[in-house]
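Novice: Dumping the structure here so I can ask a few things about it.
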Protein chains: 4
Amino acid sequence: MSQPVRSTTEIAVRYAETDQMGVVHHANYLVWFEQARTDLCLLSGFHYAEIEKAGYYLVVSRFDLRLAASAHYGETVTVTCWLDHLASRRLRFAYEVHHESKLLVSGKTEHIWVAIATGRPSRTPALVAQPFARLAGSSG
Amino acid sequence: MSQPVRSTTEIAVRYAETDQMGVVHHANYLVWFEQARTDLCLLSGFHYAEIEKAGYYLVVSRFDLRLAASAHYGETVTVTCWLDHLASRRLRFAYEVHHESKLLVSGKTEHIWVAIATGRPSRTPALVAQPFARLAGSSG
Amino acid sequence: MSQPVRSTTEIAVRYAETDQMGVVHHANYLVWFEQARTDLCLLSGFHYAEIEKAGYYLVVSRFDLRLAASAHYGETVTVTCWLDHLASRRLRFAYEVHHESKLLVSGKTEHIWVAIATGRPSRTPALVAQPFARLAGSSG
Amino acid sequence: MSQPVRSTTEIAVRYAETDQMGVVHHANYLVWFEQARTDLCLLSGFHYAEIEKAGYYLVVSRFDLRLAASAHYGETVTVTCWLDHLASRRLRFAYEVHHESKLLVSGKTEHIWVAIATGRPSRTPALVAQPFARLAGSSG
């Protein structure tokens, strides 16, 4: 079993993402993580938007973030993302946000699959089973 | 023809709505306006969510806002909203945001009806024709 | 030692808080939690904005949320908040979001005090020591 | 007098920017415009963050946007920005958002300069006078 695939997303901090402390408001890290998941998906060969077209939502069921330092307007940060855990009905992504060599934020998000037609939890859609196994580093 | 019905929405400024200038970021006024439209709709007897269930979106086609002064975290502001213009295929809402007696923001948003099934512009849905005419003050 | 004080915040879901899954985007729960912290602070006798005026930021250092069910536009949810843990340099708030009797989200946020003048971590500001002890239920 | 300088900003639509209509919520266009202003500033030789460090805010006093079509998650849009009008105390930026060759949104934002120290309106800061004149195409 090999290492999970890691995506890298460059994000120029937006002014609207700051709050009156003069730093990025903490809720935005979840938005950046989501953008990073999209980029990781792309590395597996398809756009996340196609998953929804195939009839599935990848719903967030839990997230846990640690904030070591703040991002600022004027900085470009790097978000690294990888598939940390992959099971038949659940998966977990891990993330790190760096500015230059400094770790700002690390975190994990857990997800379940939901079939759009029924609104009920589902096994991994066939469409993504192999691509996600490759992302997780478990197909070799 | 009578005056349009005016709704009043009290909003406690959220910390996340500020930016590093120490005031509310201007994009949030549109979110407050939207909350005010929901409250105005309620005065006409139904929740805006019911319009979507009936098969129509009320899509924003234009907005124009003037910012005279800023809102701050710790303040509770009042958003007044009324139906400024009502035609068979278009409508316009007007808004004012006050903090105590001070006018902070005024603006207008223009909308069209879109039938969800077709994605195409539509006349005013039957469901809202009379309620919205009353809001506009044109049914009396 | 008594139970911690619990604040209750009613929030009408905003349209802008939904995403294309048709439910509230998960990042917004942090914004609601922040509004609930403000309301809890008020129960201790002062507005959080006064803490900043006294020279301190209450910085988020970690958050962990579990999402059991989704909130929808058209619903009014209730956010309960209490001071879960209070130490000389760290504190933790806990939260629950309910729609009617259904638990949607639960979570915790951890915080440190930062002196604005120096940008460095600080002990609990004198201003809030007693009020926060009362919130935690540890002063009786 | 030559044409104004135009900046081009590529933006991958974020999932969190959608709402339950399945399209980008209209308030986000202002956030994209702001990111485009940052990129236009960079073309004049400095980062907007430096303006604040020099003691000035560029405050939004009005905005007017027309929405012709919607942006969707999965699309990368292009925001073009230029300095549309430059006077001693006021300036106006213009914007267009395209997806491929289709115009989605156009708009203008008006701004005033505010001296941070006094909180009062100011003439154009010396720092930006020449760079902004070049952006406006009025220095040649």
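Naming scheme: A, B, ... for chains in displayed order of the structure tokens; residues 1 onward per chain; ligands 1 onward as shown.
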How would chain A read as a compact mmCIF listing (two decimals) with C-alpha atoms, in the first residue's frame once least-squares superposed on chain C using all paired C-alpha atoms?

Specialist:
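Okay, this is what ended up in superposed_1.txt:
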# COMPACT_ATOMS: atom_id res chain seq x y z
CA MET A 1 -20.30 24.01 41.86
CA SER A 2 -23.40 24.68 39.82
CA GLN A 3 -24.26 24.01 36.21
CA PRO A 4 -22.95 26.36 33.52
CA VAL A 5 -25.26 29.10 32.32
CA ARG A 6 -26.88 28.30 28.97
CA SER A 7 -27.81 30.89 26.39
CA THR A 8 -30.42 30.35 23.71
CA THR A 9 -30.25 32.04 20.32
CA GLU A 10 -33.02 31.81 17.73
CA ILE A 11 -31.77 31.97 14.15
CA ALA A 12 -33.96 32.19 11.05
CA VAL A 13 -32.00 30.35 8.35
CA ARG A 14 -30.89 32.76 5.61
CA TYR A 15 -31.19 31.87 1.95
CA ALA A 16 -27.54 32.79 1.39
CA GLU A 17 -26.57 30.18 3.99
CA THR A 18 -27.81 27.33 1.79
CA ASP A 19 -25.73 25.61 -0.88
CA GLN A 20 -26.69 23.60 -3.94
CA MET A 21 -27.44 20.53 -1.80
CA GLY A 22 -30.47 22.53 -0.65
CA VAL A 23 -29.29 22.68 2.97
CA VAL A 24 -27.23 25.04 5.12
CA HIS A 25 -23.54 24.95 4.17
CA HIS A 26 -21.57 23.51 7.07
CA ALA A 27 -19.24 26.52 7.48
CA ASN A 28 -22.21 28.61 8.64
CA TYR A 29 -22.58 26.63 11.84
CA LEU A 30 -19.39 28.31 13.06
CA VAL A 31 -20.96 31.70 12.34
CA TRP A 32 -24.05 30.72 14.31
CA PHE A 33 -21.86 29.47 17.17
CA GLU A 34 -20.14 32.83 17.23
CA GLN A 35 -23.48 34.62 17.44
CA ALA A 36 -24.40 32.26 20.30
CA ARG A 37 -21.16 33.12 22.14
CA THR A 38 -22.08 36.80 21.86
CA ASP A 39 -25.46 36.05 23.42
CA LEU A 40 -23.88 33.97 26.19
CA CYS A 41 -21.45 36.83 26.95
CA LEU A 42 -24.41 39.18 27.25
CA LEU A 43 -25.83 36.93 29.98
CA SER A 44 -22.65 37.58 31.98
CA GLY A 45 -23.30 41.29 31.85
CA PHE A 46 -21.34 42.77 28.98
CA HIS A 47 -21.07 42.70 25.21
CA TYR A 48 -18.18 40.80 23.69
CA ALA A 49 -17.30 43.97 21.78
CA GLU A 50 -16.24 45.48 25.13
CA ILE A 51 -13.58 42.79 25.54
CA GLU A 52 -11.87 44.02 22.40
CA LYS A 53 -12.16 47.61 23.56
CA ALA A 54 -10.40 46.51 26.76
CA GLY A 55 -7.52 45.22 24.63
CA TYR A 56 -8.10 41.49 24.19
CA TYR A 57 -9.08 39.12 21.42
CA LEU A 58 -10.72 35.79 22.18
CA VAL A 59 -9.04 33.77 19.44
CA VAL A 60 -10.34 30.41 18.19
CA SER A 61 -7.62 27.75 18.50
CA ARG A 62 -9.65 24.62 17.70
CA PHE A 63 -13.16 23.54 16.76
CA ASP A 64 -14.82 20.17 16.43
CA LEU A 65 -18.36 19.81 15.08
CA ARG A 66 -20.62 16.84 14.43
CA LEU A 67 -23.42 17.22 11.91
CA ALA A 68 -26.29 14.83 12.52
CA ALA A 69 -28.92 16.47 10.31
CA SER A 70 -29.27 19.53 8.11
CA ALA A 71 -30.92 22.89 8.62
CA HIS A 72 -33.05 24.30 5.78
CA TYR A 73 -34.12 27.72 4.57
CA GLY A 74 -37.56 28.40 6.02
CA GLU A 75 -36.66 26.92 9.41
CA THR A 76 -35.84 28.77 12.61
CA VAL A 77 -33.27 26.91 14.64
CA THR A 78 -32.19 27.25 18.26
CA VAL A 79 -28.53 27.41 19.23
CA THR A 80 -27.72 26.62 22.86
CA CYS A 81 -24.30 27.64 24.15
CA TRP A 82 -22.45 27.25 27.42
CA LEU A 83 -18.94 27.65 28.78
CA ASP A 84 -17.76 24.07 28.96
CA HIS A 85 -14.30 24.53 30.41
CA LEU A 86 -12.52 27.56 31.90
CA ALA A 87 -8.83 27.64 32.75
CA SER A 88 -6.42 30.50 33.35
CA ARG A 89 -5.33 30.71 29.71
CA ARG A 90 -7.81 28.59 27.78
CA LEU A 91 -11.54 28.16 27.57
CA ARG A 92 -13.94 25.99 25.67
CA PHE A 93 -17.52 26.60 24.65
CA ALA A 94 -20.02 23.88 23.76
CA TYR A 95 -23.03 24.22 21.46
CA GLU A 96 -26.10 22.40 20.23
CA VAL A 97 -28.27 23.39 17.29
CA HIS A 98 -31.84 22.10 17.34
CA HIS A 99 -34.74 22.44 14.94
CA GLU A 100 -37.81 21.85 17.07
CA SER A 101 -36.83 18.78 19.11
CA LYS A 102 -34.32 17.44 16.63
CA LEU A 103 -30.60 17.81 17.28
CA LEU A 104 -28.90 18.97 14.07
CA VAL A 105 -25.39 19.88 15.13
CA SER A 106 -23.24 19.73 18.26
CA GLY A 107 -19.75 21.07 18.69
CA LYS A 108 -17.07 22.71 20.75
CA THR A 109 -14.74 25.64 20.15
CA GLU A 110 -11.52 26.23 22.09
CA HIS A 111 -10.08 29.69 22.58
CA ILE A 112 -7.12 31.54 23.94
CA TRP A 113 -6.83 35.16 25.05
CA VAL A 114 -4.52 37.38 23.03
CA ALA A 115 -3.46 40.86 24.15
CA ILE A 116 -4.07 43.15 21.17
CA ALA A 117 -1.13 45.44 22.03
CA THR A 118 1.46 42.66 21.98
CA GLY A 119 -0.21 40.02 19.83
CA ARG A 120 0.76 37.49 22.50
CA PRO A 121 -1.30 34.99 24.53
CA SER A 122 -2.56 36.30 27.81
CA ARG A 123 -4.25 35.18 31.03
CA THR A 124 -7.97 35.81 31.38
CA PRO A 125 -8.49 39.60 31.31
CA ALA A 126 -9.52 40.98 34.72
CA LEU A 127 -12.63 42.45 33.11
CA VAL A 128 -14.11 39.03 32.35
CA ALA A 129 -12.68 36.84 35.13
CA GLN A 130 -15.69 36.98 37.44
CA PRO A 131 -18.38 37.15 34.74
CA PHE A 132 -16.91 34.12 32.94
CA ALA A 133 -16.51 32.21 36.22
CA ARG A 134 -20.23 32.76 36.80
CA LEU A 135 -21.00 31.56 33.26
CA ALA A 136 -18.97 28.42 33.92
CA GLY A 137 -20.95 27.78 37.10
CA SER A 138 -17.80 27.76 39.18
CA SER A 139 -18.32 30.79 41.36
CA GLY A 140 -21.00 29.39 43.66

Novice: Run DSSP on the backbone and grab whatever in range 4-109 of chain A lands in alpha helix (DSSP H); send it over as a VMD selection string.

Specialist: chain A and resid 28 to 43 48 to 53
